[in-house]
Amino acid sequence: MTLDLAQFHEAFFQESFEALDSMESALLALSAGGTADPETINTIFRVAHSIKGGAATFGFSRITTVAHTAETLLDQLRSNKRTVTPRIVDLLLGVVDVMRDMLASTQQGTRTVPVHLPTLIADLEAIIADNVGNGAVGSGGAAPVDPAAGQPVPAAPVAPAGGDVAGWKIRFVPGPQMLVHGNDPLRLLQELEALGPVTASVDAARLPPLADLDVEQCVLSWAVRLDAPATIDQVRQVFDWADGDCELEFEPILRPAPLSVATLVVPAPVAAPVESGAAAPADGAATAETTARHAAAPETSIRVSIDKIDELMNTVGELVITQSMLSQCATQLEGHTADELRGGLAQLERQMRALQESVMRVRMLPISFVFNRFPRMVRDLGQKLGKHIELKLVGEQTELDKTVLEKIGDPLVHLVRNSIDHGLESADKRVAAGKNPTGTITLNAYHKGGNVTVEVSDDGGGLDRDKILRKARERGLVGADEELTDERIYNLIFAPGFSTADVVSDVSGRGVGMDVVRRNITELGGHIQVLSEPGQGTTVRVRLPLTLAILDGQLVRVGEETYVVPLVAIVETIQVKADRVSSIAGQAEVFRLRDDYLPIVRLYDLFGIEPRTTNLLEGLLMIVEADGRRVGLFVDDLLAQQQVVIKSLETNFRQVPGLAGATMLGDGHVALIIDVPGLIMSVEHGSHRAPLLAQAAAA
Amino acid sequence: MNESALQAVGDASGQSQYLTFRLATEEYGIEILSVQEIKGWTGATPLPESPPYLLGVINLRGSVVPIVDLRKRFGLAQAEFGPTTVVIVARVDRPDGARIAGFVVDAVCEVYTVGDTDRRPIPEAVTGQKEFVQGLATVEDKMIILLDIERLLTQAIVGAGGVAQAA
Amino acid sequence: MKRVLAVDDSVSMRELVRATLTDAGYDVVSAEDGTRAYQAALGSQFDMVLSDVNMPSMDGIGLVEKLRARPEYRLVPIVMLTTESSAEMKARARAAGATGWIVKPFDPERLIGAVKRVLA
């Protein structure tokens, strides 16, 4: 039978940690109160006892030793052979700490030994042995501990006498009450057989006449011969249970030769501390590590499944909804009490926000999780391309949501590859340009205005404005006579299939990549931007939301519906003046904002609902921006600005083009969140209706 | 609620309980284990670019749940929403997570136990919305059209215009 | 199939005993303390009881006393499986009517051997 004990380890660790917690609080109760409540002592005893049993079973011998020593002392307390002193409580608290450390390290598979373990054991031993001193009640001669319990538990203490003993002759005379006590002599003989071949002859001399026979009286006795080199302890152990209920005599059958002097070396009871004491100096490094971990103890952490956090997040989201519902109700009330209520609700709102942020922080991880992969990658790529590169990582401790973090890894890898491959010049060119032959790539992360910005910069030659423009014209992305700002030109590198690399390397430069990068970032609700300075280098700036769970939104009204526009996308909101609007080719409406012409998107049209007004002069135009492009959203009215919890439409339905999700309003209704980048993209690709449908089919 | 455990009980006995509802002149049944709740019609937030039978989405204790007008979905004559009009909220657990949707029906009728022997396949001759029909059952001399809730929750909602996320 | 009632307040021990004996072909029911074990024993007849000694609620010795007072458990083997090894506790268990005493740590094979012999 192969039973893997390891499957029970985790249960053992968990219950032991819990048990140690209760042992600790029981000990603290002991130290607080003067008298020792027997039940409290018992609780503490039970903890040491169970840990000892479990640790021994699973082969964690050092933990067994500590637990055993503590148990011995606790047994003295339990049987009133010793009274509780502050010193004992201190030592037992030390035992709790040590066992916690040892369990934790065993759980992690390191099995390090706390440095002060030998001292602790020695101190405990000293108290246990001190049976004349303070608190010892037992008579001088009788050891307060059962001798059997004084021995180390693991690997049954066996005297190494087996070599000379060939077997045992045993006289076994069960007492008359043995059967009544539930012991069956035959079972004991069978038990003995486990050690080796047994021959037994029964002595029925005491058997009374049948009429007088009491079936519950044991009247037989046996002369038993065991032909196996078992130790006296092993043999005794078989009969141990019946001891006191029977007469027993053991006589060893010795081997004829060689007759060496049988020095029955029985390990001294102090074997326990020796084991750990010897082990501690053996692995000094491990010990030091434990000490280091000990010093860092206050920074404890627990593992929590992301589901639980999401659940918490959801509940908080619900609370936010309820709170805003209450706030809305309160606005309709009047009077002094209503003012107080509103005051309280305002406070509640602040507290809710704090709570929400705290919960969100639980999901946050430092960006170093992503940055960590770059040193190796940059080094390898540099070698491959023959470029000397220095990598600078800045702001590695900047935290952002785990889901965002998981999704920006690949885009960042792409950007860094691009910088190394296309951004940085070869060493010769750099020297020729009077630059340090070693190029620098900098990854910089920082928080700014509720967002995280990650910049990938190189000190290379910068983007070639003219080359990009030429390529773009070749591909018909830009009209022949169309003049663009530098920013617009640089952002052309994000166009699908666009690459200016002269040589297509296997590092990058196949023209796939930057468009994918931008799409990934946009899908995360982020924004990407290129800054470049000829001869100085290029910086790609990625702005990401801290979290995908909530967003700061502007509520807008269109007809009977409320929509949420992400605050981050809003540039400004203006009232339209008639002379600023014109329509191109009779259909597409544009609006002149200072020097720019912006397309107008009528939301009611997009969502197919009945507006309050179709007259541009009676509503508002909200200028929104994504990827450097702007459009004006025509809405009936602006409502409140508030943080909303983003709910996915995909959970029970599917992705809807033009929508980033939905949220719940204070009145319990669902409000749709507008996906500004998606909206602008579809507007740019012509009339906005057709592309939305086309996208739906391709989704 | 331990839906999966309940599911197992239903399967083992070869019998299932069906909640029946009325739609125009017919009585339809869906397995009661997939019914999460029944609620009154209180309106929904319309979605852009969606098929006409998709009335929109509602907030069901924090979840965004799509609502389907089953008359429209089955191509039946439109009816005014009246006092008996209800939304049956159904749910199926799939490997990629649960899917929930609400179906607007004329009225809820009964709960019947349908055994394997009560079930009949749909006659070949029948055309129309066969894809969502599991079979027919005769209970108390009435014909009940048993619907395939899983298909209803996926294909019926997303419809031809879109592509199911889970597909 | 022989039925064994395994009693231990420690989850890992209880599970280990349960898995070991189930593997060996026994029908094992486990309980986490004496009180629950006693309730289980009253609800159904077991061929053997394997119990820890130190437990909250009712301890192993209390359990032996209670079971021995019932006719249907008068002759059922009750074996203590424990880390406890003091002579005093053993004497108490014996006086209460326990059948045997297996000291933890136990080797699964040996536990099976012991149970087999007891149930032989």
# chains A, B, ... in the order shown; residues from 1 in each chain; ligands from 1
$ interface_residues --of "chain A" --to "chain B" --cutoff "9 Å" --atoms "only C-alpha atoms" --output "JSON, numbers by chain"
{"A": [314, 315, 317, 318, 561, 606, 607, 608, 609, 647, 648, 649, 650, 651, 652, 653, 654, 655, 656, 657, 658, 659, 662, 663, 664, 668, 669, 670, 671, 672, 689, 692, 693, 696, 697, 698, 699]}
$ write_last_selection --atoms "N, CA and C atoms" --output "compact mmCIF listing (two decimals), in the first residue's frame"
# COMPACT_ATOMS: atom_id res chain seq x y z
N ASN A 314 -17.21 43.67 -5.50
CA ASN A 314 -18.60 43.73 -5.94
C ASN A 314 -19.50 44.26 -4.85
N THR A 315 -19.28 43.73 -3.64
CA THR A 315 -20.12 44.15 -2.53
C THR A 315 -19.93 45.64 -2.27
N GLY A 317 -19.08 47.76 -4.44
CA GLY A 317 -19.75 48.41 -5.56
C GLY A 317 -21.24 48.56 -5.30
N GLU A 318 -21.83 47.50 -4.75
CA GLU A 318 -23.24 47.54 -4.39
C GLU A 318 -23.51 48.63 -3.36
N GLU A 561 -32.46 58.44 -21.19
CA GLU A 561 -31.34 57.60 -20.76
C GLU A 561 -30.19 58.40 -20.17
N LEU A 606 -26.69 57.50 -32.41
CA LEU A 606 -25.84 56.33 -32.25
C LEU A 606 -26.57 55.22 -31.49
N PHE A 607 -27.29 55.62 -30.46
CA PHE A 607 -27.93 54.61 -29.63
C PHE A 607 -29.39 54.36 -30.01
N GLY A 608 -29.83 55.07 -31.00
CA GLY A 608 -31.18 54.84 -31.48
C GLY A 608 -32.26 55.14 -30.45
N ILE A 609 -32.14 56.25 -29.76
CA ILE A 609 -33.16 56.60 -28.78
C ILE A 609 -33.74 57.97 -29.07
N LYS A 647 -19.23 47.33 -14.91
CA LYS A 647 -19.75 45.96 -15.04
C LYS A 647 -19.60 45.54 -16.49
N SER A 648 -19.17 44.34 -16.66
CA SER A 648 -18.98 43.85 -18.02
C SER A 648 -20.30 43.46 -18.65
N LEU A 649 -20.45 43.77 -19.92
CA LEU A 649 -21.63 43.32 -20.65
C LEU A 649 -21.43 41.91 -21.15
N GLU A 650 -20.18 41.48 -21.17
CA GLU A 650 -19.86 40.17 -21.73
C GLU A 650 -20.30 39.03 -20.82
N THR A 651 -20.38 39.31 -19.52
CA THR A 651 -20.70 38.24 -18.59
C THR A 651 -21.95 37.49 -19.03
N ASN A 652 -23.01 38.24 -19.32
CA ASN A 652 -24.26 37.59 -19.69
C ASN A 652 -24.67 37.86 -21.13
N PHE A 653 -23.88 38.68 -21.81
CA PHE A 653 -24.27 39.03 -23.17
C PHE A 653 -23.05 38.95 -24.07
N ARG A 654 -22.63 40.04 -24.57
CA ARG A 654 -21.42 40.07 -25.39
C ARG A 654 -20.89 41.49 -25.37
N GLN A 655 -19.74 41.67 -25.97
CA GLN A 655 -19.18 42.99 -26.09
C GLN A 655 -20.05 43.79 -27.05
N VAL A 656 -20.26 45.05 -26.72
CA VAL A 656 -21.06 45.87 -27.61
C VAL A 656 -20.17 47.00 -28.12
N PRO A 657 -20.01 47.12 -29.44
CA PRO A 657 -19.15 48.16 -29.98
C PRO A 657 -19.61 49.53 -29.53
N GLY A 658 -18.68 50.36 -29.15
CA GLY A 658 -19.02 51.70 -28.71
C GLY A 658 -19.28 51.79 -27.22
N LEU A 659 -19.34 50.62 -26.54
CA LEU A 659 -19.57 50.62 -25.09
C LEU A 659 -18.39 49.98 -24.37
N ALA A 662 -21.09 48.72 -18.47
CA ALA A 662 -22.28 49.34 -17.91
C ALA A 662 -22.03 49.58 -16.43
N THR A 663 -22.90 50.35 -15.83
CA THR A 663 -22.79 50.54 -14.39
C THR A 663 -24.19 50.72 -13.82
N MET A 664 -24.30 50.61 -12.51
CA MET A 664 -25.60 50.77 -11.87
C MET A 664 -25.70 52.17 -11.29
N GLY A 668 -30.91 52.37 -9.27
CA GLY A 668 -30.97 50.95 -9.60
C GLY A 668 -30.96 50.68 -11.10
N HIS A 669 -31.04 51.73 -11.90
CA HIS A 669 -31.03 51.52 -13.34
C HIS A 669 -29.62 51.29 -13.87
N VAL A 670 -29.58 50.69 -15.04
CA VAL A 670 -28.30 50.45 -15.68
C VAL A 670 -27.96 51.64 -16.57
N ALA A 671 -26.75 52.15 -16.46
CA ALA A 671 -26.28 53.19 -17.37
C ALA A 671 -25.12 52.63 -18.17
N LEU A 672 -25.11 52.92 -19.46
CA LEU A 672 -24.06 52.38 -20.32
C LEU A 672 -22.85 53.33 -20.32
N ARG A 689 -22.37 54.56 -38.05
CA ARG A 689 -23.28 53.42 -37.90
C ARG A 689 -22.73 52.15 -38.54
N LEU A 692 -19.89 50.28 -36.76
CA LEU A 692 -20.28 49.62 -35.52
C LEU A 692 -20.85 48.23 -35.83
N LEU A 693 -21.66 48.18 -36.85
CA LEU A 693 -22.24 46.89 -37.22
C LEU A 693 -21.16 45.96 -37.75
N ALA A 696 -19.33 44.52 -35.02
CA ALA A 696 -20.09 43.51 -34.29
C ALA A 696 -19.95 42.16 -34.96
N ALA A 697 -19.98 42.17 -36.28
CA ALA A 697 -19.88 40.91 -37.00
C ALA A 697 -18.49 40.31 -36.86
N ALA A 698 -17.51 41.18 -36.71
CA ALA A 698 -16.13 40.69 -36.65
C ALA A 698 -15.69 40.36 -35.24
N ALA A 699 -16.47 40.76 -34.25
CA ALA A 699 -16.05 40.63 -32.84
C ALA A 699 -15.76 39.19 -32.46
$ select_by_dssp --residues "range 362-405 of chain A" --states "strand (DSSP E)" --output "ChimeraX atom specification"
/A:364-366,389-394,399-401
$ write_last_selection --atoms "N, CA and C atoms" --output "compact mmCIF listing (two decimals), in the first residue's frame"
# COMPACT_ATOMS: atom_id res chain seq x y z
N MET A 364 -3.67 45.65 -5.90
CA MET A 364 -2.55 46.33 -6.55
C MET A 364 -1.24 45.61 -6.32
N LEU A 365 -0.44 45.58 -7.36
CA LEU A 365 0.90 45.01 -7.24
C LEU A 365 1.88 46.00 -7.84
N PRO A 366 3.12 45.99 -7.36
CA PRO A 366 4.11 46.90 -7.94
C PRO A 366 4.46 46.50 -9.37
N ILE A 389 23.96 48.39 -24.33
CA ILE A 389 22.75 49.03 -23.80
C ILE A 389 22.77 49.05 -22.28
N GLU A 390 22.40 50.18 -21.76
CA GLU A 390 22.21 50.26 -20.32
C GLU A 390 20.71 50.41 -20.07
N LEU A 391 20.20 49.61 -19.14
CA LEU A 391 18.76 49.68 -18.85
C LEU A 391 18.57 50.39 -17.51
N LYS A 392 17.71 51.39 -17.53
CA LYS A 392 17.39 52.08 -16.27
C LYS A 392 15.92 51.81 -15.93
N LEU A 393 15.69 51.36 -14.73
CA LEU A 393 14.32 51.15 -14.28
C LEU A 393 13.99 52.18 -13.21
N VAL A 394 12.95 52.93 -13.42
CA VAL A 394 12.56 53.97 -12.48
C VAL A 394 11.12 53.71 -12.04
N GLU A 399 2.41 51.06 -8.03
CA GLU A 399 1.45 49.96 -8.01
C GLU A 399 0.30 50.17 -8.98
N LEU A 400 -0.15 49.07 -9.52
CA LEU A 400 -1.38 49.12 -10.29
C LEU A 400 -2.11 47.77 -10.21
N ASP A 401 -3.34 47.82 -10.65
CA ASP A 401 -4.22 46.66 -10.52
C ASP A 401 -3.62 45.43 -11.20
$ atom_distance --atom1 "CA of Ala11 in chain A" --atom2 "CA of Arg3 in chain C"
24.5 Å
$ residues_around --residues "Gly619 in chain A" --least-positions-apart "4" --cutoff "9 Å" --atoms "only C-alpha atoms" --output "VMD selection string"
chain A and resid 575 to 576 612 to 615 634 to 637
$ residues_around --residues "range 54-63 of chain C" --least-positions-apart "5" --cutoff "10 Å" --atoms "only C-alpha atoms" --output "compact mmCIF listing (two decimals) with C-alpha atoms, in the first residue's frame"
# COMPACT_ATOMS: atom_id res chain seq x y z
CA GLU A 39 -8.95 23.78 31.54
CA ASN A 42 -5.34 21.41 29.35
CA THR A 43 -5.94 23.44 26.22
CA PHE A 45 -1.24 20.81 26.75
CA ARG A 46 -3.50 19.54 24.01
CA VAL A 47 -1.90 21.85 21.46
CA HIS A 49 0.35 17.15 22.32
CA SER A 50 -1.40 17.21 18.94
CA VAL C 7 -12.04 9.68 16.60
CA ASP C 8 -9.46 12.46 16.65
CA ASP C 9 -9.66 16.20 17.15
CA SER C 10 -6.89 16.78 14.66
CA GLU C 32 -13.81 15.00 15.96
CA ASP C 33 -14.38 14.51 19.66
CA GLY C 34 -15.79 12.09 22.22
CA THR C 35 -19.24 13.59 22.27
CA ARG C 36 -19.68 13.37 18.53
CA ALA C 37 -18.14 9.92 18.45
CA TYR C 38 -20.59 8.76 21.11
CA VAL C 49 -13.51 2.20 17.70
CA ARG C 68 -18.73 0.31 27.72
CA ALA C 69 -21.86 1.20 29.63
CA ILE C 78 -11.91 0.13 21.53
CA VAL C 79 -8.31 1.01 20.83
CA MET C 80 -6.68 4.23 21.88
CA LEU C 81 -4.52 5.85 19.23
CA THR C 82 -2.57 8.54 20.94
CA THR C 83 0.65 10.38 21.57
CA GLU C 84 -0.10 10.14 25.24
CA MET C 89 -3.32 7.58 31.51
CA LYS C 90 -2.86 4.07 30.28
CA ARG C 92 -7.11 4.95 33.45
CA ALA C 93 -7.91 3.83 29.92
CA ARG C 94 -7.49 0.22 30.89
CA ALA C 95 -9.72 0.62 33.90
CA ALA C 96 -12.34 2.22 31.69
CA GLY C 97 -12.26 -0.83 29.46
CA ALA C 98 -10.10 0.12 26.50
$ residues_around --residues "Ile600 in chain A" --least-positions-apart "2" --cutoff "12 Å" --atoms "only C-alpha atoms" --output "count of residues only"
38
$ closest_residue --among "C:Lys66, C:Ile112, C:Ala87, C:Met1" --to "chain A" --atoms "only C-alpha atoms"
C:Ala87
$ residues_around --residues "Met143 in chain B" --least-positions-apart "3" --cutoff "12 Å" --atoms "only C-alpha atoms" --output "ChimeraX atom specification"
/B:20,22,25-29,112,114,118-120,122,135-140,146
$ write_last_selection --atoms "N, CA and C atoms" --output "tab-separated table (two decimals), in the first residue's frame"
chain	number	residue	atom	x	y	z
B	20	THR	N	-43.94	26.26	-16.36
B	20	THR	CA	-44.54	26.57	-17.65
B	20	THR	C	-45.04	28.01	-17.67
B	22	ARG	N	-47.06	31.06	-20.46
B	22	ARG	CA	-47.88	31.24	-21.65
B	22	ARG	C	-47.26	32.31	-22.54
B	25	THR	N	-50.82	31.68	-27.64
B	25	THR	CA	-51.77	30.62	-27.33
B	25	THR	C	-51.12	29.37	-26.76
B	26	GLU	N	-49.80	29.32	-26.78
B	26	GLU	CA	-49.13	28.10	-26.37
B	26	GLU	C	-48.58	28.16	-24.94
B	27	GLU	N	-48.40	26.94	-24.41
B	27	GLU	CA	-47.77	26.85	-23.10
B	27	GLU	C	-46.38	26.25	-23.29
B	28	TYR	N	-45.37	26.93	-22.74
B	28	TYR	CA	-43.99	26.50	-22.87
B	28	TYR	C	-43.45	26.11	-21.50
B	29	GLY	N	-42.45	25.25	-21.49
B	29	GLY	CA	-41.85	24.88	-20.21
B	29	GLY	C	-40.34	25.02	-20.23
B	112	TYR	N	-44.81	21.52	-13.49
B	112	TYR	CA	-45.17	20.13	-13.75
B	112	TYR	C	-43.94	19.25	-13.66
B	114	VAL	N	-42.16	16.28	-15.37
B	114	VAL	CA	-42.19	15.60	-16.66
B	114	VAL	C	-41.20	14.46	-16.62
B	118	ASP	N	-42.91	10.88	-20.72
B	118	ASP	CA	-43.89	11.88	-21.16
B	118	ASP	C	-43.38	12.69	-22.34
B	119	ARG	N	-42.09	12.55	-22.62
B	119	ARG	CA	-41.47	13.40	-23.64
B	119	ARG	C	-41.62	12.84	-25.05
B	120	ARG	N	-41.84	13.72	-25.99
B	120	ARG	CA	-41.91	13.34	-27.41
B	120	ARG	C	-40.99	14.28	-28.18
B	122	ILE	N	-39.93	16.61	-31.41
B	122	ILE	CA	-40.74	17.52	-32.22
B	122	ILE	C	-40.99	16.84	-33.56
B	135	GLY	N	-38.28	19.38	-26.90
B	135	GLY	CA	-39.24	18.33	-27.18
B	135	GLY	C	-40.62	18.78	-26.76
B	136	LEU	N	-41.55	17.86	-26.86
B	136	LEU	CA	-42.91	18.17	-26.44
B	136	LEU	C	-43.28	17.25	-25.30
B	137	ALA	N	-44.18	17.68	-24.46
B	137	ALA	CA	-44.65	16.82	-23.38
B	137	ALA	C	-46.16	16.99	-23.26
B	138	THR	N	-46.79	15.91	-22.90
B	138	THR	CA	-48.23	16.00	-22.66
B	138	THR	C	-48.47	15.87	-21.17
B	139	VAL	N	-49.03	16.90	-20.60
B	139	VAL	CA	-49.33	16.87	-19.17
B	139	VAL	C	-50.77	17.31	-19.00
B	140	GLU	N	-51.53	16.49	-18.30
B	140	GLU	CA	-52.95	16.78	-18.08
B	140	GLU	C	-53.65	17.15	-19.38
B	146	LEU	N	-41.33	22.07	-24.56
B	146	LEU	CA	-40.20	22.17	-23.64
B	146	LEU	C	-39.04	22.87	-24.33
$ closest_residue --among "A:Glu334, A:Asp203, A:Asp130, A:Glu425" --to "Gln76 in chain A" --atoms "only C-alpha atoms"
A:Asp130
$ residues_around --residues "Gln36 in chain B" --least-positions-apart "6" --cutoff "8 Å" --atoms "only C-alpha atoms" --output "PyMOL selection string"
chain B and resi 88-91
$ write_last_selection --atoms "N, CA and C atoms" --output "mmCIF file, in the first residue's frame"
data_model
loop_
_atom_site.group_PDB
_atom_site.id
_atom_site.type_symbol
_atom_site.label_atom_id
_atom_site.label_comp_id
_atom_site.auth_asym_id
_atom_site.auth_seq_id
_atom_site.Cartn_x
_atom_site.Cartn_y
_atom_site.Cartn_z
ATOM 1 N N ILE B 88 -38.987 36.055 -16.631
ATOM 2 C CA ILE B 88 -38.421 34.852 -16.005
ATOM 3 C C ILE B 88 -36.902 34.958 -16.129
ATOM 4 N N VAL B 89 -36.235 35.029 -14.993
ATOM 5 C CA VAL B 89 -34.782 35.135 -15.029
ATOM 6 C C VAL B 89 -34.212 33.720 -14.948
ATOM 7 N N ALA B 90 -33.484 33.331 -15.985
ATOM 8 C CA ALA B 90 -32.947 31.972 -16.035
ATOM 9 C C ALA B 90 -31.432 32.016 -16.016
ATOM 10 N N ARG B 91 -30.868 30.897 -15.614
ATOM 11 C CA ARG B 91 -29.417 30.859 -15.458
ATOM 12 C C ARG B 91 -28.902 29.472 -15.820
#
